[in-house]
file coords.pdb (PDB, C-alpha atoms (C1' of nucleotides))
ATOM      1  CA  MET A   1     107.623 -45.362  19.762
ATOM      2  CA  ASP A   2     104.297 -43.542  19.863
ATOM      3  CA  LEU A   3     105.532 -41.382  22.708
ATOM      4  CA  ILE A   4     107.047 -39.258  19.973
ATOM      5  CA  ALA A   5     103.668 -38.786  18.327
ATOM      6  CA  ILE A   6     102.286 -37.606  21.637
ATOM      7  CA  TYR A   7     105.035 -35.082  22.160
ATOM      8  CA  GLU A   8     104.739 -33.867  18.587
ATOM      9  CA  CYS A   9     101.089 -33.245  19.199
ATOM     10  CA  LEU A  10     101.878 -31.262  22.347
ATOM     11  CA  CYS A  11     104.369 -29.040  20.520
ATOM     12  CA  ASP A  12     101.862 -26.459  19.456
ATOM     13  CA  VAL A  13     100.217 -23.836  21.642
ATOM     14  CA  THR A  14      96.896 -24.023  19.869
ATOM     15  CA  ARG A  15      96.743 -27.766  20.282
ATOM     16  CA  LEU A  16      97.702 -27.487  23.932
ATOM     17  CA  ARG A  17      94.911 -25.014  24.474
ATOM     18  CA  ILE A  18      92.456 -27.269  22.686
ATOM     19  CA  LEU A  19      93.442 -30.240  24.807
ATOM     20  CA  ASN A  20      93.285 -28.169  27.951
ATOM     21  CA  MET A  21      89.730 -27.211  27.066
ATOM     22  CA  LEU A  22      88.780 -30.786  26.265
ATOM     23  CA  LEU A  23      90.042 -31.923  29.639
ATOM     24  CA  ARG A  24      86.903 -30.329  31.023
ATOM     25  CA  GLY A  25      84.628 -32.217  28.646
ATOM     26  CA  PRO A  26      83.388 -32.484  25.051
ATOM     27  CA  LEU A  27      83.045 -29.282  23.070
ATOM     28  CA  CYS A  28      81.907 -28.161  19.674
ATOM     29  CA  VAL A  29      84.022 -26.155  17.275
ATOM     30  CA  CYS A  30      82.324 -22.877  18.056
ATOM     31  CA  HIS A  31      83.550 -23.203  21.632
ATOM     32  CA  PHE A  32      87.115 -23.339  20.434
ATOM     33  CA  GLN A  33      86.545 -20.389  18.194
ATOM     34  CA  ALA A  34      84.950 -18.344  20.936
ATOM     35  CA  VAL A  35      87.596 -19.155  23.522
ATOM     36  CA  LEU A  36      90.785 -19.292  21.484
ATOM     37  CA  ARG A  37      89.855 -16.412  19.216
ATOM     38  CA  GLU A  38      91.947 -17.749  16.390
ATOM     39  CA  PRO A  39      91.035 -17.961  12.686
ATOM     40  CA  GLN A  40      88.630 -20.734  11.819
ATOM     41  CA  VAL A  41      91.031 -22.452   9.457
ATOM     42  CA  LYS A  42      93.685 -22.615  12.130
ATOM     43  CA  ILE A  43      91.417 -24.256  14.661
ATOM     44  CA  SER A  44      89.958 -26.617  12.112
ATOM     45  CA  LYS A  45      93.360 -27.757  10.953
ATOM     46  CA  HIS A  46      94.628 -28.415  14.437
ATOM     47  CA  LEU A  47      91.487 -30.368  15.219
ATOM     48  CA  ALA A  48      92.070 -32.401  12.059
ATOM     49  CA  TYR A  49      95.648 -32.997  13.157
ATOM     50  CA  LEU A  50      94.575 -34.245  16.561
ATOM     51  CA  ARG A  51      91.819 -36.336  15.082
ATOM     52  CA  ALA A  52      94.015 -37.982  12.446
ATOM     53  CA  ARG A  53      96.329 -39.165  15.203
ATOM     54  CA  GLY A  54      93.595 -40.364  17.492
ATOM     55  CA  PHE A  55      94.093 -37.771  20.199
ATOM     56  CA  VAL A  56      90.521 -36.583  19.914
ATOM     57  CA  ALA A  57      87.302 -38.130  18.654
ATOM     58  CA  ALA A  58      84.715 -36.240  16.649
ATOM     59  CA  THR A  59      80.981 -36.694  16.278
ATOM     60  CA  ARG A  60      78.658 -34.817  14.041
ATOM     61  CA  ARG A  61      75.554 -33.348  15.633
ATOM     62  CA  GLY A  62      73.539 -31.711  12.882
ATOM     63  CA  ASN A  63      75.548 -28.814  11.622
ATOM     64  CA  TRP A  64      77.935 -28.993  14.553
ATOM     65  CA  MET A  65      80.908 -31.135  15.228
ATOM     66  CA  VAL A  66      81.517 -32.234  18.784
ATOM     67  CA  TYR A  67      85.063 -33.032  19.784
ATOM     68  CA  ALA A  68      86.116 -34.989  22.826
ATOM     69  CA  LEU A  69      89.090 -36.791  24.225
ATOM     70  CA  PRO A  70      89.005 -40.437  23.208
ATOM     71  CA  PRO A  71      87.204 -42.638  25.742
ATOM     72  CA  HIS A  72      90.024 -45.178  26.032
ATOM     73  CA  ARG A  73      93.393 -43.496  26.290
ATOM     74  CA  PRO A  74      96.665 -45.400  26.245
ATOM     75  CA  ARG A  75      98.694 -45.078  29.413
ATOM     76  CA  GLU A  76     101.216 -42.659  27.941
ATOM     77  CA  LEU A  77      98.582 -40.324  26.618
ATOM     78  CA  ALA A  78      96.769 -40.361  29.932
ATOM     79  CA  ALA A  79      99.996 -39.650  31.799
ATOM     80  CA  ASN A  80     100.909 -36.749  29.573
ATOM     81  CA  LEU A  81      97.436 -35.269  29.669
ATOM     82  CA  ALA A  82      97.571 -35.385  33.444
ATOM     83  CA  CYS A  83     100.961 -33.696  33.325
ATOM     84  CA  LEU A  84      99.595 -31.052  30.992
ATOM     85  CA  GLN A  85      96.651 -30.441  33.278
ATOM     86  CA  ASP A  86      99.059 -29.958  36.119
ATOM     87  CA  CYS A  87     101.246 -27.511  34.223
ATOM     88  CA  ALA A  88      98.256 -25.692  32.736
ATOM     89  CA  ALA A  89      96.904 -24.887  36.158
ATOM     90  CA  GLU A  90      99.641 -22.287  36.511
ATOM     91  CA  HIS A  91      99.768 -20.784  33.056
ATOM     92  CA  PRO A  92      97.777 -17.593  32.545
ATOM     93  CA  VAL A  93      96.733 -18.490  29.014
ATOM     94  CA  PHE A  94      95.277 -21.821  30.022
ATOM     95  CA  ARG A  95      93.573 -20.362  33.050
ATOM     96  CA  ARG A  96      92.028 -17.616  31.003
ATOM     97  CA  ASP A  97      90.765 -20.176  28.498
ATOM     98  CA  ARG A  98      89.141 -22.134  31.284
ATOM     99  CA  LEU A  99      87.477 -19.033  32.645
ATOM    100  CA  ARG A 100      86.118 -18.049  29.258
ATOM    101  CA  LEU A 101      84.896 -21.562  28.778
ATOM    102  CA  ASP A 102      83.075 -21.679  32.097
ATOM    103  CA  ARG A 103      81.403 -18.391  31.326
ATOM    104  CA  LEU A 104      80.475 -19.589  27.855
ATOM    105  CA  ALA A 105      78.990 -22.968  28.479
ATOM    106  CA  PRO A 106      78.547 -24.554  31.874
ATOM    107  CA  VAL A 107      78.085 -27.900  30.177
ATOM    108  CA  LEU A 108      77.587 -29.108  26.653
ATOM    109  CA  PRO A 109      73.917 -29.931  26.183
ATOM    110  CA  LYS A 110      73.200 -33.557  25.410
ATOM    111  CA  ALA A 111      71.398 -32.655  22.185
ATOM    112  CA  GLY A 112      70.352 -29.753  20.052
ATOM    113  CA  PRO A 113      72.491 -26.859  18.888
ATOM    114  CA  CYS A 114      75.600 -26.055  20.865
ATOM    115  CA  ALA A 115      75.767 -23.356  23.495
ATOM    116  CA  CYS A 116      77.354 -20.874  21.107
ATOM    117  CA  ALA A 117      74.398 -21.093  18.772
ATOM    118  CA  ARG A 118      71.952 -20.735  21.650
ATOM    119  CA  THR A 119      73.701 -17.717  23.113
ATOM    120  CA  ALA A 120      73.872 -16.224  19.650
ATOM    121  CA  SER A 121      70.127 -16.585  19.118
ATOM    122  CA  ARG A 122      69.509 -15.373  22.670
ATOM    123  CA  ARG A 123      71.551 -12.287  21.842
ATOM    124  CA  ALA A 124      69.480 -11.841  18.714
ATOM    125  CA  GLN A 125      66.261 -12.041  20.729
ATOM    126  CA  THR A 126      67.141  -9.370  23.276
TER
ATOM    127  CA  MET B   1     105.043 -20.453  27.008
ATOM    128  CA  ASP B   2     108.171 -22.489  27.640
ATOM    129  CA  LEU B   3     106.089 -25.653  27.876
ATOM    130  CA  ILE B   4     106.327 -25.699  24.102
ATOM    131  CA  ALA B   5     110.108 -25.691  24.227
ATOM    132  CA  ILE B   6     109.976 -28.663  26.553
ATOM    133  CA  TYR B   7     107.688 -30.642  24.282
ATOM    134  CA  GLU B   8     109.766 -29.733  21.247
ATOM    135  CA  CYS B   9     112.776 -31.108  23.004
ATOM    136  CA  LEU B  10     110.949 -34.340  23.776
ATOM    137  CA  CYS B  11     109.920 -34.827  20.146
ATOM    138  CA  ASP B  12     113.015 -36.725  19.144
ATOM    139  CA  VAL B  13     113.816 -40.328  20.015
ATOM    140  CA  THR B  14     117.509 -39.693  20.401
ATOM    141  CA  ARG B  15     116.895 -36.845  22.810
ATOM    142  CA  LEU B  16     114.416 -38.915  24.773
ATOM    143  CA  ARG B  17     116.974 -41.673  25.101
ATOM    144  CA  ILE B  18     119.615 -39.195  26.195
ATOM    145  CA  LEU B  19     117.326 -37.756  28.848
ATOM    146  CA  ASN B  20     116.317 -41.195  29.991
ATOM    147  CA  MET B  21     119.982 -42.025  30.506
ATOM    148  CA  LEU B  22     120.638 -38.782  32.324
ATOM    149  CA  LEU B  23     117.808 -39.495  34.726
ATOM    150  CA  ARG B  24     120.157 -42.036  36.272
ATOM    151  CA  GLY B  25     122.962 -39.508  36.721
ATOM    152  CA  PRO B  26     125.674 -37.507  34.917
ATOM    153  CA  LEU B  27     127.356 -39.132  31.927
ATOM    154  CA  CYS B  28     130.087 -38.362  29.475
ATOM    155  CA  VAL B  29     129.645 -38.408  25.731
ATOM    156  CA  CYS B  30     131.276 -41.779  25.282
ATOM    157  CA  HIS B  31     128.502 -43.281  27.371
ATOM    158  CA  PHE B  32     125.929 -41.984  24.971
ATOM    159  CA  GLN B  33     127.908 -43.296  22.062
ATOM    160  CA  ALA B  34     128.326 -46.705  23.600
ATOM    161  CA  VAL B  35     124.699 -47.062  24.619
ATOM    162  CA  LEU B  36     122.834 -45.351  21.801
ATOM    163  CA  ARG B  37     125.141 -46.630  19.055
ATOM    164  CA  GLU B  38     124.406 -43.682  16.855
ATOM    165  CA  PRO B  39     126.887 -41.620  14.803
ATOM    166  CA  GLN B  40     128.973 -39.198  16.830
ATOM    167  CA  VAL B  41     127.704 -36.144  15.002
ATOM    168  CA  LYS B  42     124.119 -37.082  15.713
ATOM    169  CA  ILE B  43     124.687 -37.440  19.434
ATOM    170  CA  SER B  44     126.777 -34.315  19.627
ATOM    171  CA  LYS B  45     124.180 -32.247  17.851
ATOM    172  CA  HIS B  46     121.359 -33.418  20.044
ATOM    173  CA  LEU B  47     123.432 -32.686  23.119
ATOM    174  CA  ALA B  48     124.080 -29.217  21.742
ATOM    175  CA  TYR B  49     120.370 -28.786  21.170
ATOM    176  CA  LEU B  50     119.523 -29.774  24.724
ATOM    177  CA  ARG B  51     122.312 -27.649  26.113
ATOM    178  CA  ALA B  52     121.360 -24.536  24.140
ATOM    179  CA  ARG B  53     117.877 -24.703  25.648
ATOM    180  CA  GLY B  54     119.041 -25.363  29.187
ATOM    181  CA  PHE B  55     117.739 -28.914  29.420
ATOM    182  CA  VAL B  56     121.180 -30.271  30.225
ATOM    183  CA  ALA B  57     124.339 -28.778  31.693
ATOM    184  CA  ALA B  58     127.822 -29.611  30.459
ATOM    185  CA  THR B  59     131.193 -29.593  32.197
ATOM    186  CA  ARG B  60     134.560 -30.258  30.699
ATOM    187  CA  ARG B  61     136.743 -32.802  32.451
ATOM    188  CA  GLY B  62     140.006 -32.919  30.548
ATOM    189  CA  ASN B  63     139.265 -34.378  27.176
ATOM    190  CA  TRP B  64     135.818 -35.487  28.225
ATOM    191  CA  MET B  65     132.577 -33.629  28.467
ATOM    192  CA  VAL B  66     130.242 -34.565  31.266
ATOM    193  CA  TYR B  67     126.552 -33.939  30.757
ATOM    194  CA  ALA B  68     123.924 -33.826  33.450
ATOM    195  CA  LEU B  69     120.402 -32.657  34.032
ATOM    196  CA  PRO B  70     120.422 -29.103  35.339
ATOM    197  CA  PRO B  71     120.507 -28.911  39.155
ATOM    198  CA  HIS B  72     117.539 -26.566  39.418
ATOM    199  CA  ARG B  73     114.719 -27.602  37.129
ATOM    200  CA  PRO B  74     111.613 -25.523  36.620
ATOM    201  CA  ARG B  75     108.420 -27.225  37.743
ATOM    202  CA  GLU B  76     107.254 -28.061  34.237
ATOM    203  CA  LEU B  77     110.510 -29.660  33.240
ATOM    204  CA  ALA B  78     110.580 -31.691  36.422
ATOM    205  CA  ALA B  79     107.000 -32.819  35.872
ATOM    206  CA  ASN B  80     107.648 -33.883  32.309
ATOM    207  CA  LEU B  81     110.862 -35.671  33.166
ATOM    208  CA  ALA B  82     108.993 -37.597  35.811
ATOM    209  CA  CYS B  83     106.335 -38.443  33.266
ATOM    210  CA  LEU B  84     108.989 -39.562  30.821
ATOM    211  CA  GLN B  85     110.611 -41.742  33.433
ATOM    212  CA  ASP B  86     107.253 -43.338  34.046
ATOM    213  CA  CYS B  87     106.585 -44.000  30.387
ATOM    214  CA  ALA B  88     110.147 -45.140  29.739
ATOM    215  CA  ALA B  89     109.881 -47.861  32.328
ATOM    216  CA  GLU B  90     107.716 -49.813  29.907
ATOM    217  CA  HIS B  91     109.407 -49.133  26.590
ATOM    218  CA  PRO B  92     111.857 -51.795  25.392
ATOM    219  CA  VAL B  93     114.264 -49.280  23.893
ATOM    220  CA  PHE B  94     114.593 -47.284  27.085
ATOM    221  CA  ARG B  95     114.894 -50.383  29.204
ATOM    222  CA  ARG B  96     117.611 -51.750  26.975
ATOM    223  CA  ASP B  97     119.483 -48.462  27.197
ATOM    224  CA  ARG B  98     119.313 -48.606  30.969
ATOM    225  CA  LEU B  99     120.620 -52.149  31.011
ATOM    226  CA  ARG B 100     123.505 -51.323  28.708
ATOM    227  CA  LEU B 101     124.265 -48.338  30.847
ATOM    228  CA  ASP B 102     124.304 -50.308  34.086
ATOM    229  CA  ARG B 103     126.624 -52.851  32.524
ATOM    230  CA  LEU B 104     128.855 -50.122  31.175
ATOM    231  CA  ALA B 105     129.368 -47.878  34.153
ATOM    232  CA  PRO B 106     127.908 -48.513  37.577
ATOM    233  CA  VAL B 107     128.593 -44.904  38.443
ATOM    234  CA  LEU B 108     130.477 -42.039  36.872
ATOM    235  CA  PRO B 109     133.804 -41.649  38.685
ATOM    236  CA  LYS B 110     134.242 -38.353  40.501
ATOM    237  CA  ALA B 111     137.429 -37.581  38.597
ATOM    238  CA  GLY B 112     139.771 -38.970  35.963
ATOM    239  CA  PRO B 113     138.855 -40.402  32.568
ATOM    240  CA  CYS B 114     135.358 -41.703  32.087
ATOM    241  CA  ALA B 115     134.459 -45.332  32.327
ATOM    242  CA  CYS B 116     134.528 -45.798  28.568
ATOM    243  CA  ALA B 117     138.175 -44.771  28.440
ATOM    244  CA  ARG B 118     139.034 -47.038  31.341
ATOM    245  CA  THR B 119     137.309 -50.025  29.853
ATOM    246  CA  ALA B 120     138.963 -49.254  26.541
ATOM    247  CA  SER B 121     142.454 -49.280  28.071
ATOM    248  CA  ARG B 122     141.526 -52.337  30.098
ATOM    249  CA  ARG B 123     140.572 -54.040  26.863
ATOM    250  CA  ALA B 124     143.879 -52.992  25.354
ATOM    251  CA  GLN B 125     145.808 -54.441  28.288
ATOM    252  CA  THR B 126     144.247 -57.900  28.129
TER
ATOM    253  C1'  DT C   1     155.774 -28.130  18.771
ATOM    254  C1'  DT C   2     153.638 -32.082  16.929
ATOM    255  C1'  DT C   3     150.333 -35.626  17.439
ATOM    256  C1'  DC C   4     146.409 -37.801  19.119
ATOM    257  C1'  DT C   5     141.804 -38.189  21.220
ATOM    258  C1'  DA C   6     137.338 -36.537  22.374
ATOM    259  C1'  DT C   7     134.000 -33.621  21.011
ATOM    260  C1'  DA C   8     131.857 -29.689  18.451
ATOM    261  C1'  DT C   9     130.599 -27.083  14.336
ATOM    262  C1'  DT C  10     129.693 -25.992   9.504
ATOM    263  C1'  DC C  11     127.572 -26.817   5.223
ATOM    264  C1'  DC C  12     124.396 -29.158   2.703
ATOM    265  C1'  DT C  13     119.930 -31.362   1.349
ATOM    266  C1'  DC C  14     115.536 -32.975   2.528
ATOM    267  C1'  DA C  15     110.998 -33.419   4.684
ATOM    268  C1'  DA C  16     107.392 -31.728   7.728
ATOM    269  C1'  DG C  17     104.595 -28.495   9.826
ATOM    270  C1'  DC C  18     102.588 -23.856  10.379
ATOM    271  C1'  DG C  19      99.591 -20.020   8.859
ATOM    272  C1'  DG C  20      96.493 -17.828   5.657
ATOM    273  C1'  DA C  21      93.506 -17.110   1.381
ATOM    274  C1'  DA C  22      90.413 -19.252  -1.196
ATOM    275  C1'  DT C  23      87.349 -22.908  -1.909
ATOM    276  C1'  DA C  24      84.822 -27.163  -0.959
ATOM    277  C1'  DT C  25      81.628 -30.013   1.734
ATOM    278  C1'  DT C  26      77.732 -31.239   4.506
ATOM    279  C1'  DG C  27      73.627 -30.604   6.786
ATOM    280  C1'  DT C  28      69.542 -27.506   7.742
ATOM    281  C1'  DA C  29      66.055 -24.253   6.654
ATOM    282  C1'  DA C  30      63.242 -21.665   3.571
TER
ATOM    283  C1'  DT D   1      65.598 -26.745  -5.194
ATOM    284  C1'  DT D   2      67.959 -22.889  -3.432
ATOM    285  C1'  DA D   3      70.320 -20.468   0.166
ATOM    286  C1'  DC D   4      72.714 -20.419   4.278
ATOM    287  C1'  DA D   5      75.571 -21.837   8.318
ATOM    288  C1'  DA D   6      79.181 -24.665  10.281
ATOM    289  C1'  DT D   7      83.150 -26.849   9.337
ATOM    290  C1'  DA D   8      86.819 -28.994   6.396
ATOM    291  C1'  DT D   9      90.257 -29.064   2.698
ATOM    292  C1'  DT D  10      93.507 -27.445  -0.810
ATOM    293  C1'  DC D  11      97.201 -24.691  -2.335
ATOM    294  C1'  DC D  12     101.052 -21.896  -1.361
ATOM    295  C1'  DG D  13     105.186 -19.791   0.792
ATOM    296  C1'  DC D  14     107.933 -19.960   4.725
ATOM    297  C1'  DT D  15     110.623 -21.702   8.603
ATOM    298  C1'  DT D  16     112.613 -25.286  11.316
ATOM    299  C1'  DG D  17     114.788 -29.329  12.357
ATOM    300  C1'  DA D  18     116.909 -33.827  11.110
ATOM    301  C1'  DG D  19     120.894 -36.426   9.294
ATOM    302  C1'  DG D  20     125.463 -36.938   7.277
ATOM    303  C1'  DA D  21     130.190 -35.700   5.349
ATOM    304  C1'  DA D  22     133.788 -33.014   6.191
ATOM    305  C1'  DT D  23     136.223 -30.067   9.105
ATOM    306  C1'  DA D  24     137.391 -27.524  13.293
ATOM    307  C1'  DT D  25     138.593 -27.091  18.217
ATOM    308  C1'  DA D  26     140.465 -28.043  22.732
ATOM    309  C1'  DG D  27     143.007 -30.459  25.848
ATOM    310  C1'  DA D  28     146.539 -34.275  26.844
ATOM    311  C1'  DA D  29     150.534 -36.717  25.662
ATOM    312  C1'  DA D  30     154.851 -37.471  23.450
TER
END
call {"tool": "encode", "arguments": {"input": "coords.pdb", "output": "structure tokens"}}
result
Amino acid sequence: MDLIAIYECLCDVTRLRILNMLLRGPLCVCHFQAVLREPQVKISKHLAYLRARGFVAATRRGNWMVYALPPHRPRELAANLACLQDCAAEHPVFRRDRLRLDRLAPVLPKAGPCACARTASRRAQT
Amino acid sequence: MDLIAIYECLCDVTRLRILNMLLRGPLCVCHFQAVLREPQVKISKHLAYLRARGFVAATRRGNWMVYALPPHRPRELAANLACLQDCAAEHPVFRRDRLRLDRLAPVLPKAGPCACARTASRRAQT
DNA sequence: TTTCTATATTCCTCAAGCGGAATATTGTAA
DNA sequence: TTACAATATTCCGCTTGAGGAATATAGAAA
């Protein structure tokens, strides 16, 4: 009954927000930190939780870790993610996260440092 | 963020099975006992859990308690129940519960003792 | 009233998950 | 190498929920 595992994963606000962000596309950890504004350890642990259960996939890119929803999602996961996306569309917290995310990084670059790092160095330049 | 409360409620197999049964219509406690075949205290406590959070409504009918999904369901609850119904259609446990339920009580009578009681006395007569 | 039946509640123990502080790891850059 | 930056892990205290045994309640029946 892996439905239970799915619901357990959806039981936490931080994880919901992470998944909501990932519904837009792959992201690196600094994105989560910048958008969620939660302590690093908290974000890292929830990412580990999701990863251990196969709800997200992680890839290292130099110093950065890129997280994404798994390419092949079982029917139940897909259904519940769709449901979450639906519900999230109305919740202020999720909407705000999406806005912050759009402002932060239009898309994740295919290579090189993540957007956070680039904006940080850009800030340093100006 | 009452989405969390919904997911927390869906985290337990027994509660999922109860909700799956209730998606067909109102039921009394003996139905749950007959179909789920779990200890009385377990069923009662999960019903209390669901009731305390407004996920089911309860009415007394003489000695029996009739449980039902609440008449007016917030959008998120409705969405997730629909999703559950979808997922349940494929899971052996849920399907078996539905079958047992259909065999047990085609419909809940509008008044009088519940079907369990009637079948029990019918058994006693024969 | 007393008794019975259906259901709920209390008390207990146990395991799991959360959050945070501190620390470890891994890759890059100097 | 050494130092640094990004991220992960460990340890700890706390809370919550699950399950079961025993007991309580509420209504019907005798």
call {"tool": "calpha_fit_and_write", "arguments": {"input": "coords.pdb", "fixed": "chain A", "moving": "chain B", "output": "compact mmCIF listing (two decimals) with C-alpha atoms, in the frame of the given file"}}
result
# COMPACT_ATOMS: atom_id res chain seq x y z
CA MET B 1 107.59 -45.32 19.70
CA ASP B 2 104.27 -43.52 19.82
CA LEU B 3 105.52 -41.35 22.67
CA ILE B 4 107.04 -39.22 19.95
CA ALA B 5 103.67 -38.73 18.29
CA ILE B 6 102.28 -37.57 21.61
CA TYR B 7 105.04 -35.04 22.15
CA GLU B 8 104.75 -33.82 18.58
CA CYS B 9 101.10 -33.20 19.17
CA LEU B 10 101.87 -31.23 22.32
CA CYS B 11 104.38 -29.00 20.52
CA ASP B 12 101.85 -26.42 19.44
CA VAL B 13 100.22 -23.81 21.65
CA THR B 14 96.90 -23.99 19.87
CA ARG B 15 96.75 -27.75 20.28
CA LEU B 16 97.71 -27.49 23.93
CA ARG B 17 94.91 -25.01 24.49
CA ILE B 18 92.46 -27.26 22.69
CA LEU B 19 93.46 -30.23 24.81
CA ASN B 20 93.31 -28.17 27.95
CA MET B 21 89.74 -27.22 27.08
CA LEU B 22 88.80 -30.79 26.28
CA LEU B 23 90.07 -31.94 29.65
CA ARG B 24 86.93 -30.34 31.04
CA GLY B 25 84.64 -32.25 28.68
CA PRO B 26 83.39 -32.51 25.08
CA LEU B 27 83.05 -29.28 23.10
CA CYS B 28 81.91 -28.17 19.71
CA VAL B 29 84.01 -26.15 17.32
CA CYS B 30 82.29 -22.89 18.10
CA HIS B 31 83.54 -23.20 21.66
CA PHE B 32 87.09 -23.35 20.45
CA GLN B 33 86.50 -20.38 18.23
CA ALA B 34 84.93 -18.35 20.98
CA VAL B 35 87.58 -19.15 23.55
CA LEU B 36 90.76 -19.30 21.50
CA ARG B 37 89.82 -16.40 19.22
CA GLU B 38 91.91 -17.74 16.41
CA PRO B 39 90.99 -17.95 12.70
CA GLN B 40 88.58 -20.74 11.84
CA VAL B 41 90.98 -22.45 9.47
CA LYS B 42 93.66 -22.60 12.13
CA ILE B 43 91.39 -24.25 14.67
CA SER B 44 89.93 -26.62 12.13
CA LYS B 45 93.33 -27.74 10.95
CA HIS B 46 94.62 -28.40 14.42
CA LEU B 47 91.49 -30.37 15.22
CA ALA B 48 92.07 -32.38 12.06
CA TYR B 49 95.64 -32.98 13.13
CA LEU B 50 94.60 -34.23 16.55
CA ARG B 51 91.83 -36.32 15.07
CA ALA B 52 94.03 -37.95 12.43
CA ARG B 53 96.36 -39.16 15.17
CA GLY B 54 93.62 -40.38 17.48
CA PHE B 55 94.13 -37.77 20.18
CA VAL B 56 90.55 -36.58 19.90
CA ALA B 57 87.32 -38.14 18.66
CA ALA B 58 84.72 -36.26 16.65
CA THR B 59 80.97 -36.72 16.31
CA ARG B 60 78.62 -34.85 14.08
CA ARG B 61 75.52 -33.39 15.69
CA GLY B 62 73.53 -31.76 12.92
CA ASN B 63 75.51 -28.83 11.70
CA TRP B 64 77.89 -29.00 14.63
CA MET B 65 80.88 -31.15 15.27
CA VAL B 66 81.50 -32.26 18.82
CA TYR B 67 85.06 -33.04 19.81
CA ALA B 68 86.14 -35.00 22.84
CA LEU B 69 89.12 -36.81 24.23
CA PRO B 70 89.02 -40.45 23.19
CA PRO B 71 87.22 -42.68 25.72
CA HIS B 72 90.04 -45.20 25.98
CA ARG B 73 93.41 -43.52 26.24
CA PRO B 74 96.67 -45.41 26.18
CA ARG B 75 98.70 -45.10 29.36
CA GLU B 76 101.21 -42.67 27.90
CA LEU B 77 98.59 -40.32 26.58
CA ALA B 78 96.76 -40.38 29.89
CA ALA B 79 99.98 -39.68 31.77
CA ASN B 80 100.90 -36.76 29.56
CA LEU B 81 97.43 -35.28 29.66
CA ALA B 82 97.57 -35.41 33.42
CA CYS B 83 100.94 -33.72 33.33
CA LEU B 84 99.58 -31.07 31.01
CA GLN B 85 96.64 -30.46 33.28
CA ASP B 86 99.06 -29.98 36.13
CA CYS B 87 101.23 -27.53 34.24
CA ALA B 88 98.25 -25.71 32.77
CA ALA B 89 96.89 -24.92 36.19
CA GLU B 90 99.61 -22.31 36.56
CA HIS B 91 99.76 -20.81 33.09
CA PRO B 92 97.77 -17.59 32.58
CA VAL B 93 96.73 -18.49 29.05
CA PHE B 94 95.26 -21.83 30.04
CA ARG B 95 93.57 -20.39 33.08
CA ARG B 96 92.01 -17.64 31.02
CA ASP B 97 90.76 -20.19 28.52
CA ARG B 98 89.15 -22.15 31.31
CA LEU B 99 87.46 -19.06 32.68
CA ARG B 100 86.12 -18.05 29.29
CA LEU B 101 84.91 -21.57 28.81
CA ASP B 102 83.09 -21.71 32.13
CA ARG B 103 81.41 -18.41 31.36
CA LEU B 104 80.48 -19.59 27.90
CA ALA B 105 78.98 -22.99 28.52
CA PRO B 106 78.59 -24.56 31.93
CA VAL B 107 78.12 -27.90 30.25
CA LEU B 108 77.62 -29.12 26.72
CA PRO B 109 73.93 -29.94 26.24
CA LYS B 110 73.19 -33.58 25.51
CA ALA B 111 71.39 -32.70 22.29
CA GLY B 112 70.35 -29.77 20.13
CA PRO B 113 72.51 -26.87 18.96
CA CYS B 114 75.60 -26.06 20.94
CA ALA B 115 75.74 -23.33 23.51
CA CYS B 116 77.34 -20.88 21.10
CA ALA B 117 74.36 -21.12 18.78
CA ARG B 118 71.94 -20.70 21.65
CA THR B 119 73.70 -17.69 23.04
CA ALA B 120 73.89 -16.27 19.54
CA SER B 121 70.12 -16.56 19.02
CA ARG B 122 69.55 -15.29 22.53
CA ARG B 123 71.63 -12.26 21.64
CA ALA B 124 69.58 -11.80 18.49
CA GLN B 125 66.33 -11.92 20.45
CA THR B 126 67.26 -9.22 22.95
call {"tool": "residues_around", "arguments": {"input": "coords.pdb", "residues": "DT7 in chain D", "least_positions_apart": "6", "cutoff": "9 Å", "atoms": "all atoms listed in the file", "output": "ChimeraX atom specification"}}
result
/A:29,40,44,63-65 /C:25-26
call {"tool": "resolve_selection", "arguments": {"input": "coords.pdb", "expression": "the PyMOL selection byres ((chain B) within 12 of (chain D))", "output": "ChimeraX atom specification"}}
result
/B:8-9,11-14,38-43,45-46,49,60-65,113
call {"tool": "atom_distance", "arguments": {"input": "coords.pdb", "atom1": "CA of Leu23 in chain A", "atom2": "CA of Asp2 in chain A"}}
result
20.8 Å
call {"tool": "residues_around", "arguments": {"input": "coords.pdb", "residues": "range 82-89 of chain B", "least_positions_apart": "2", "cutoff": "12 Å", "atoms": "all atoms listed in the file", "output": "ChimeraX atom specification"}}
result
/A:1-4,6-7,74-84,86 /B:6-7,10-11,13,15-24,73,75-80,91-99
